[in-house]
Amino acid sequence: MRVIGLHADVLVATSRIWQTNCTIVRAERTRSGGDTGPGTGECFVIDSPVLPDELSLLPAVLEQAGFACSGLLATHADWDHLLGRLAFSGAALGVAETTAARLTAEPGAAARGLRAFDDEHYLDRPAPLSLGQLQALPVPGHCEIGDGELELHSADGHTADGMAIWIPRARVLVCGDYVSPVEVPMISEGGSRDGYLATLRRLEPLIDGAAYVVPGHGEVLEGARAAAILREDVNYLAKLPDAELPIARRGERQRAIHAANVQRVRARA
Ligand SMILES: [Zn+2]
């Protein structure tokens, strides 16, 4: 697992599996008298790494940075983003209302997805995944953190649910499974090309103002590079089913995602 700092209050841990990103964001709360100090703020862990050793290391990563987890957030309901509770077992999980609806409609789907992955790769976990207490957040909307707030923007189209999170103080966008340097746009079950394109249009002005963009998968991007990937992705989606894959994303796995996209778009036409 790679951990980098984007800002005094923002860390990103990248999993060895699918380069899945976990963003850790903190904000102090100003005490009466105007001073701030450790332990007076809040810290949220957004999405999660995947492997058991990475999850067991995560509390130490926060501790070393002087952060204390006060809650979990997830960009969407795909199981590989929902594993924060395996690192912070008591924490509540905040998700978009659309994600809460999906998790409620498919109880156990995340735990089953994780079990299938672990079976395939012979991985042991100390405990099964339980999502615990869910907090459904209105999106678009805001989520308070310390004496600041995070902006929540709708981000559906990859799946039927999801949110992107804008961290104003650091000008960091955590966008979920969009604008990835390693994965072509994936229209999963419940997702749609129109929804995906609408989300990219919503993300565009945020990316234009961003210092960094944290995609669901792949390295952290500077704003200008993310904007270039967004343009490639709009172009790819607009041309489906006849689209060509972007040059940097043409491996076997990407071609399989593309084939599934083509099928889904044809089935809807
Ligand atoms: Zn994902």
# chains A, B, ... in the order shown; residues from 1 in each chain; ligands from 1
$ closest_atom_pairs --of "chain A" --to "ligand 1" --cutoff "7 Å" --atoms "only C-alpha atoms and all ligand atoms" --output "tab-separated table"
residue	atom	partner	partner_atom_place_in_ligand_line	distance
A:Thr20	CA	ligand 1	1 (Zn)	6.8
A:Asp78	CA	ligand 1	1 (Zn)	6.2
A:Asp80	CA	ligand 1	1 (Zn)	6.0
A:His81	CA	ligand 1	1 (Zn)	6.3
A:Asp177	CA	ligand 1	1 (Zn)	5.5
A:Gly216	CA	ligand 1	1 (Zn)	5.7
A:His217	CA	ligand 1	1 (Zn)	6.5
$ atom_distance --atom1 "CA of Ala127 (chain A)" --atom2 "CA of Ala60 (chain A)"
18.7 Å
$ closest_atom_pairs --of "region 144-191 of chain A" --to "region 40-50 of chain A" --cutoff "12 Å" --atoms "only C-alpha atoms" --output "tab-separated table"
residue	atom	partner	partner_atom	distance
A:Glu144	CA	A:Glu42	CA	9.1
A:Ile145	CA	A:Glu42	CA	5.7
A:Gly146	CA	A:Gly41	CA	4.8
A:Asp147	CA	A:Gly41	CA	7.8
A:Gly148	CA	A:Glu42	CA	9.8
A:Glu149	CA	A:Glu42	CA	10.6
A:Leu150	CA	A:Phe44	CA	10.3
A:Gly162	CA	A:Asp47	CA	11.7
A:Met163	CA	A:Ile46	CA	11.1
A:Ala164	CA	A:Ile46	CA	10.4
A:Ile165	CA	A:Ile46	CA	9.0
A:Trp166	CA	A:Ile46	CA	11.6
A:Ile167	CA	A:Phe44	CA	11.4
A:Leu173	CA	A:Ile46	CA	11.5
A:Val174	CA	A:Ile46	CA	8.3
A:Cys175	CA	A:Ile46	CA	10.5
A:Gly176	CA	A:Asp47	CA	8.6
A:Asp177	CA	A:Asp47	CA	11.0
$ select_by_dssp --residues "region 63-222 of chain A" --states "strand (DSSP E)" --output "compact mmCIF listing (two decimals) with N, CA, C and O atoms, in the first residue's frame"
# COMPACT_ATOMS: atom_id res chain seq x y z
N GLY A 71 -15.28 8.72 11.53
CA GLY A 71 -16.35 8.12 10.75
C GLY A 71 -15.85 7.71 9.38
O GLY A 71 -14.76 8.11 8.95
N LEU A 72 -16.67 6.90 8.71
CA LEU A 72 -16.34 6.40 7.37
C LEU A 72 -17.30 7.00 6.36
O LEU A 72 -18.47 7.24 6.67
N LEU A 73 -16.80 7.22 5.15
CA LEU A 73 -17.64 7.61 4.03
C LEU A 73 -17.31 6.67 2.88
O LEU A 73 -16.19 6.16 2.79
N LEU A 93 -20.91 4.45 8.93
CA LEU A 93 -20.60 4.63 7.51
C LEU A 93 -21.61 5.60 6.89
O LEU A 93 -22.81 5.33 6.87
N GLY A 94 -21.11 6.72 6.40
CA GLY A 94 -21.96 7.70 5.73
C GLY A 94 -21.90 7.50 4.22
O GLY A 94 -20.81 7.38 3.65
N VAL A 95 -23.08 7.43 3.60
CA VAL A 95 -23.15 7.23 2.15
C VAL A 95 -24.27 8.09 1.58
O VAL A 95 -25.16 8.54 2.30
N ALA A 96 -24.23 8.33 0.27
CA ALA A 96 -25.32 9.04 -0.39
C ALA A 96 -26.63 8.27 -0.18
O ALA A 96 -26.61 7.04 -0.03
N LEU A 134 -25.60 2.65 9.08
CA LEU A 134 -25.50 3.45 7.86
C LEU A 134 -26.12 4.81 8.10
O LEU A 134 -27.19 4.92 8.66
N GLN A 135 -25.41 5.84 7.64
CA GLN A 135 -26.01 7.16 7.69
C GLN A 135 -26.23 7.62 6.26
O GLN A 135 -25.26 7.73 5.49
N ALA A 136 -27.49 7.84 5.87
CA ALA A 136 -27.82 8.25 4.50
C ALA A 136 -27.71 9.77 4.40
O ALA A 136 -28.40 10.50 5.11
N LEU A 137 -26.84 10.25 3.53
CA LEU A 137 -26.60 11.68 3.40
C LEU A 137 -27.33 12.23 2.18
O LEU A 137 -27.25 11.64 1.10
N GLY A 141 -25.33 17.98 -1.30
CA GLY A 141 -25.45 18.51 0.03
C GLY A 141 -24.08 18.70 0.65
O GLY A 141 -23.08 18.74 -0.05
N HIS A 142 -24.07 18.80 1.98
CA HIS A 142 -22.83 19.05 2.69
C HIS A 142 -22.70 18.09 3.85
O HIS A 142 -23.70 17.60 4.36
N CYS A 143 -21.48 17.86 4.26
CA CYS A 143 -21.21 17.02 5.41
C CYS A 143 -20.22 17.79 6.28
O CYS A 143 -19.14 18.13 5.82
N GLU A 144 -20.62 18.10 7.49
CA GLU A 144 -19.74 18.87 8.38
C GLU A 144 -18.51 18.08 8.77
O GLU A 144 -18.60 16.88 9.03
N ILE A 145 -17.39 18.77 8.82
CA ILE A 145 -16.16 18.14 9.32
C ILE A 145 -15.39 19.23 10.07
O ILE A 145 -15.04 20.25 9.49
N GLY A 148 -15.32 23.01 9.28
CA GLY A 148 -15.54 23.21 7.85
C GLY A 148 -16.60 22.23 7.35
O GLY A 148 -17.35 21.67 8.14
N GLU A 149 -16.65 22.04 6.03
CA GLU A 149 -17.58 21.04 5.50
C GLU A 149 -17.04 20.46 4.20
O GLU A 149 -16.19 21.05 3.54
N LEU A 150 -17.56 19.28 3.88
CA LEU A 150 -17.27 18.63 2.62
C LEU A 150 -18.49 18.84 1.73
O LEU A 150 -19.62 18.79 2.22
N GLU A 151 -18.25 19.06 0.44
CA GLU A 151 -19.38 19.17 -0.50
C GLU A 151 -19.62 17.80 -1.12
O GLU A 151 -18.67 17.15 -1.58
N LEU A 152 -20.89 17.42 -1.18
CA LEU A 152 -21.26 16.12 -1.75
C LEU A 152 -21.99 16.35 -3.07
O LEU A 152 -22.97 17.10 -3.11
N HIS A 153 -21.52 15.72 -4.13
CA HIS A 153 -22.12 15.88 -5.46
C HIS A 153 -22.57 14.52 -5.98
O HIS A 153 -21.86 13.52 -5.79
N SER A 154 -23.71 14.48 -6.65
CA SER A 154 -24.20 13.21 -7.19
C SER A 154 -23.22 12.68 -8.21
O SER A 154 -22.68 13.43 -9.02
N MET A 163 -21.63 9.25 -4.91
CA MET A 163 -21.35 10.68 -4.70
C MET A 163 -19.86 10.93 -4.88
O MET A 163 -19.02 10.07 -4.67
N ALA A 164 -19.58 12.17 -5.32
CA ALA A 164 -18.20 12.66 -5.35
C ALA A 164 -18.08 13.64 -4.19
O ALA A 164 -19.05 14.31 -3.83
N ILE A 165 -16.88 13.70 -3.61
CA ILE A 165 -16.68 14.53 -2.42
C ILE A 165 -15.63 15.58 -2.72
O ILE A 165 -14.50 15.26 -3.12
N TRP A 166 -16.02 16.84 -2.53
CA TRP A 166 -15.10 17.96 -2.76
C TRP A 166 -14.62 18.46 -1.40
O TRP A 166 -15.43 18.72 -0.51
N ILE A 167 -13.30 18.54 -1.25
CA ILE A 167 -12.69 19.02 0.00
C ILE A 167 -12.22 20.45 -0.27
O ILE A 167 -11.15 20.66 -0.87
N VAL A 172 -9.32 19.33 -3.22
CA VAL A 172 -9.17 17.93 -3.63
C VAL A 172 -10.55 17.38 -3.95
O VAL A 172 -11.50 17.58 -3.18
N LEU A 173 -10.66 16.69 -5.08
CA LEU A 173 -11.91 16.02 -5.46
C LEU A 173 -11.72 14.51 -5.35
O LEU A 173 -10.82 13.95 -5.98
N VAL A 174 -12.57 13.88 -4.54
CA VAL A 174 -12.57 12.42 -4.43
C VAL A 174 -13.80 11.97 -5.22
O VAL A 174 -14.93 12.18 -4.79
N CYS A 175 -13.56 11.39 -6.42
CA CYS A 175 -14.69 11.32 -7.35
C CYS A 175 -15.32 9.94 -7.48
O CYS A 175 -16.30 9.79 -8.22
N GLY A 176 -14.84 8.92 -6.78
CA GLY A 176 -15.41 7.59 -7.00
C GLY A 176 -14.93 7.05 -8.33
O GLY A 176 -13.91 7.50 -8.87
N TYR A 212 -5.85 18.50 -6.86
CA TYR A 212 -5.70 17.06 -7.07
C TYR A 212 -7.07 16.39 -7.21
O TYR A 212 -8.03 16.81 -6.56
N VAL A 213 -7.09 15.34 -8.01
CA VAL A 213 -8.27 14.51 -8.15
C VAL A 213 -7.89 13.09 -7.73
O VAL A 213 -6.89 12.55 -8.22
N VAL A 214 -8.67 12.52 -6.81
CA VAL A 214 -8.44 11.14 -6.38
C VAL A 214 -9.48 10.26 -7.05
O VAL A 214 -10.67 10.29 -6.68
N PRO A 215 -9.09 9.48 -8.08
CA PRO A 215 -10.06 8.59 -8.72
C PRO A 215 -10.28 7.35 -7.84
O PRO A 215 -9.48 7.08 -6.93
N LEU A 221 -4.29 12.34 -9.46
CA LEU A 221 -4.06 13.15 -10.66
C LEU A 221 -4.02 14.63 -10.32
O LEU A 221 -4.81 15.11 -9.50
N GLU A 222 -3.12 15.35 -10.97
CA GLU A 222 -3.21 16.80 -10.91
C GLU A 222 -4.41 17.21 -11.77
O GLU A 222 -4.82 16.49 -12.67
$ residues_around --residues "Gly191 (chain A)" --least-positions-apart "2" --cutoff "6 Å" --atoms "only C-alpha atoms" --output "list in words"
Gly157, His158, Thr159, Ala160, Ile187, Ser188 and Glu189 of chain A
$ closest_residue --among "A:Gly209, A:Gly190, A:Pro181, A:Gly195" --to "Glu232 (chain A)" --atoms "only C-alpha atoms"
A:Pro181
$ closest_residue --among "A:Ala170, A:Ala227, A:Leu55, A:Leu240" --to "Leu11 (chain A)" --atoms "only C-alpha atoms"
A:Ala170
$ select_by_dssp --residues "region 174-218 of chain A" --states "helix (DSSP H, G or I)" --output "list in words"
Arg193, Asp194, Gly195, Tyr196, Leu197, Ala198, Thr199, Leu200, Arg201, Arg202, Leu203, Glu204, Pro205, Leu206, Ile207 and Asp208 of chain A
$ atom_distance --atom1 "CA of Ala116 (chain A)" --atom2 "CA of Gly90 (chain A)"
24.4 Å
$ closest_residue --among "A:Pro241, A:Pro52, A:Gly223, A:Gly113" --to "Val265 (chain A)" --atoms "only C-alpha atoms"
A:Pro241
$ closest_residue --among "A:Ala8, A:Leu62, A:Val179, A:Val184" --to "Ala260 (chain A)" --atoms "only C-alpha atoms"
A:Val184
$ residues_around --residues "region 3-5 of chain A" --least-positions-apart "3" --cutoff "10 Å" --atoms "only C-alpha atoms" --output "CSV table (one decimal) with N, CA, C and O atoms, in the first residue's frame"
chain,number,residue,atom,x,y,z
A,8,ALA,N,-1.8,19.2,4.3
A,8,ALA,CA,-1.6,18.9,5.7
A,8,ALA,C,-2.7,18.1,6.3
A,8,ALA,O,-2.5,17.3,7.2
A,9,ASP,N,-3.9,18.2,5.7
A,9,ASP,CA,-5.1,17.5,6.2
A,9,ASP,C,-5.6,16.4,5.3
A,9,ASP,O,-6.7,15.9,5.6
A,10,VAL,N,-4.9,16.0,4.3
A,10,VAL,CA,-5.4,15.0,3.4
A,10,VAL,C,-4.4,14.0,3.0
A,10,VAL,O,-3.3,14.3,2.5
A,11,LEU,N,-4.6,12.7,3.3
A,11,LEU,CA,-3.7,11.6,2.9
A,11,LEU,C,-4.5,10.7,1.9
A,11,LEU,O,-5.7,10.5,2.0
A,12,VAL,N,-3.7,10.0,1.0
A,12,VAL,CA,-4.4,9.0,0.2
A,12,VAL,C,-3.6,7.7,0.3
A,12,VAL,O,-2.3,7.7,0.1
A,13,ALA,N,-4.2,6.6,0.6
A,13,ALA,CA,-3.6,5.3,0.6
A,13,ALA,C,-4.1,4.5,-0.6
A,13,ALA,O,-5.3,4.5,-0.8
A,14,THR,N,-3.2,4.0,-1.3
A,14,THR,CA,-3.6,3.2,-2.6
A,14,THR,C,-3.3,1.7,-2.4
A,14,THR,O,-2.2,1.3,-2.1
A,15,SER,N,-4.3,1.0,-2.6
A,15,SER,CA,-4.2,-0.5,-2.4
A,15,SER,C,-3.4,-1.1,-3.6
A,15,SER,O,-3.4,-0.6,-4.7
A,21,ASN,N,-8.3,3.5,-4.2
A,21,ASN,CA,-7.9,4.6,-3.3
A,21,ASN,C,-8.7,4.8,-2.1
A,21,ASN,O,-10.0,4.7,-2.1
A,22,CYS,N,-8.1,5.1,-1.0
A,22,CYS,CA,-8.7,5.4,0.3
A,22,CYS,C,-8.2,6.8,0.7
A,22,CYS,O,-7.0,7.0,0.8
A,23,THR,N,-9.1,7.8,0.9
A,23,THR,CA,-8.7,9.1,1.2
A,23,THR,C,-9.0,9.4,2.6
A,23,THR,O,-10.1,9.1,3.1
A,24,ILE,N,-8.1,10.0,3.3
A,24,ILE,CA,-8.3,10.3,4.7
A,24,ILE,C,-8.2,11.9,4.9
A,24,ILE,O,-7.3,12.5,4.5
A,58,LEU,N,-4.1,0.3,8.4
A,58,LEU,CA,-4.7,1.7,8.2
A,58,LEU,C,-4.8,2.5,9.5
A,58,LEU,O,-4.5,3.7,9.6
A,61,VAL,N,-1.5,4.1,10.2
A,61,VAL,CA,-1.3,5.2,9.2
A,61,VAL,C,-1.9,6.5,9.8
A,61,VAL,O,-1.3,7.5,9.8
A,65,ALA,N,0.0,10.0,11.5
A,65,ALA,CA,-0.3,11.3,11.0
A,65,ALA,C,-0.9,12.2,12.1
A,65,ALA,O,-1.2,13.4,11.8
A,220,VAL,N,-3.2,9.3,-8.0
A,220,VAL,CA,-3.8,10.7,-7.8
A,220,VAL,C,-3.3,11.5,-9.0
A,220,VAL,O,-2.2,11.5,-9.4
$ atom_distance --atom1 "CA of Arg231 (chain A)" --atom2 "CA of Glu183 (chain A)"
14.3 Å
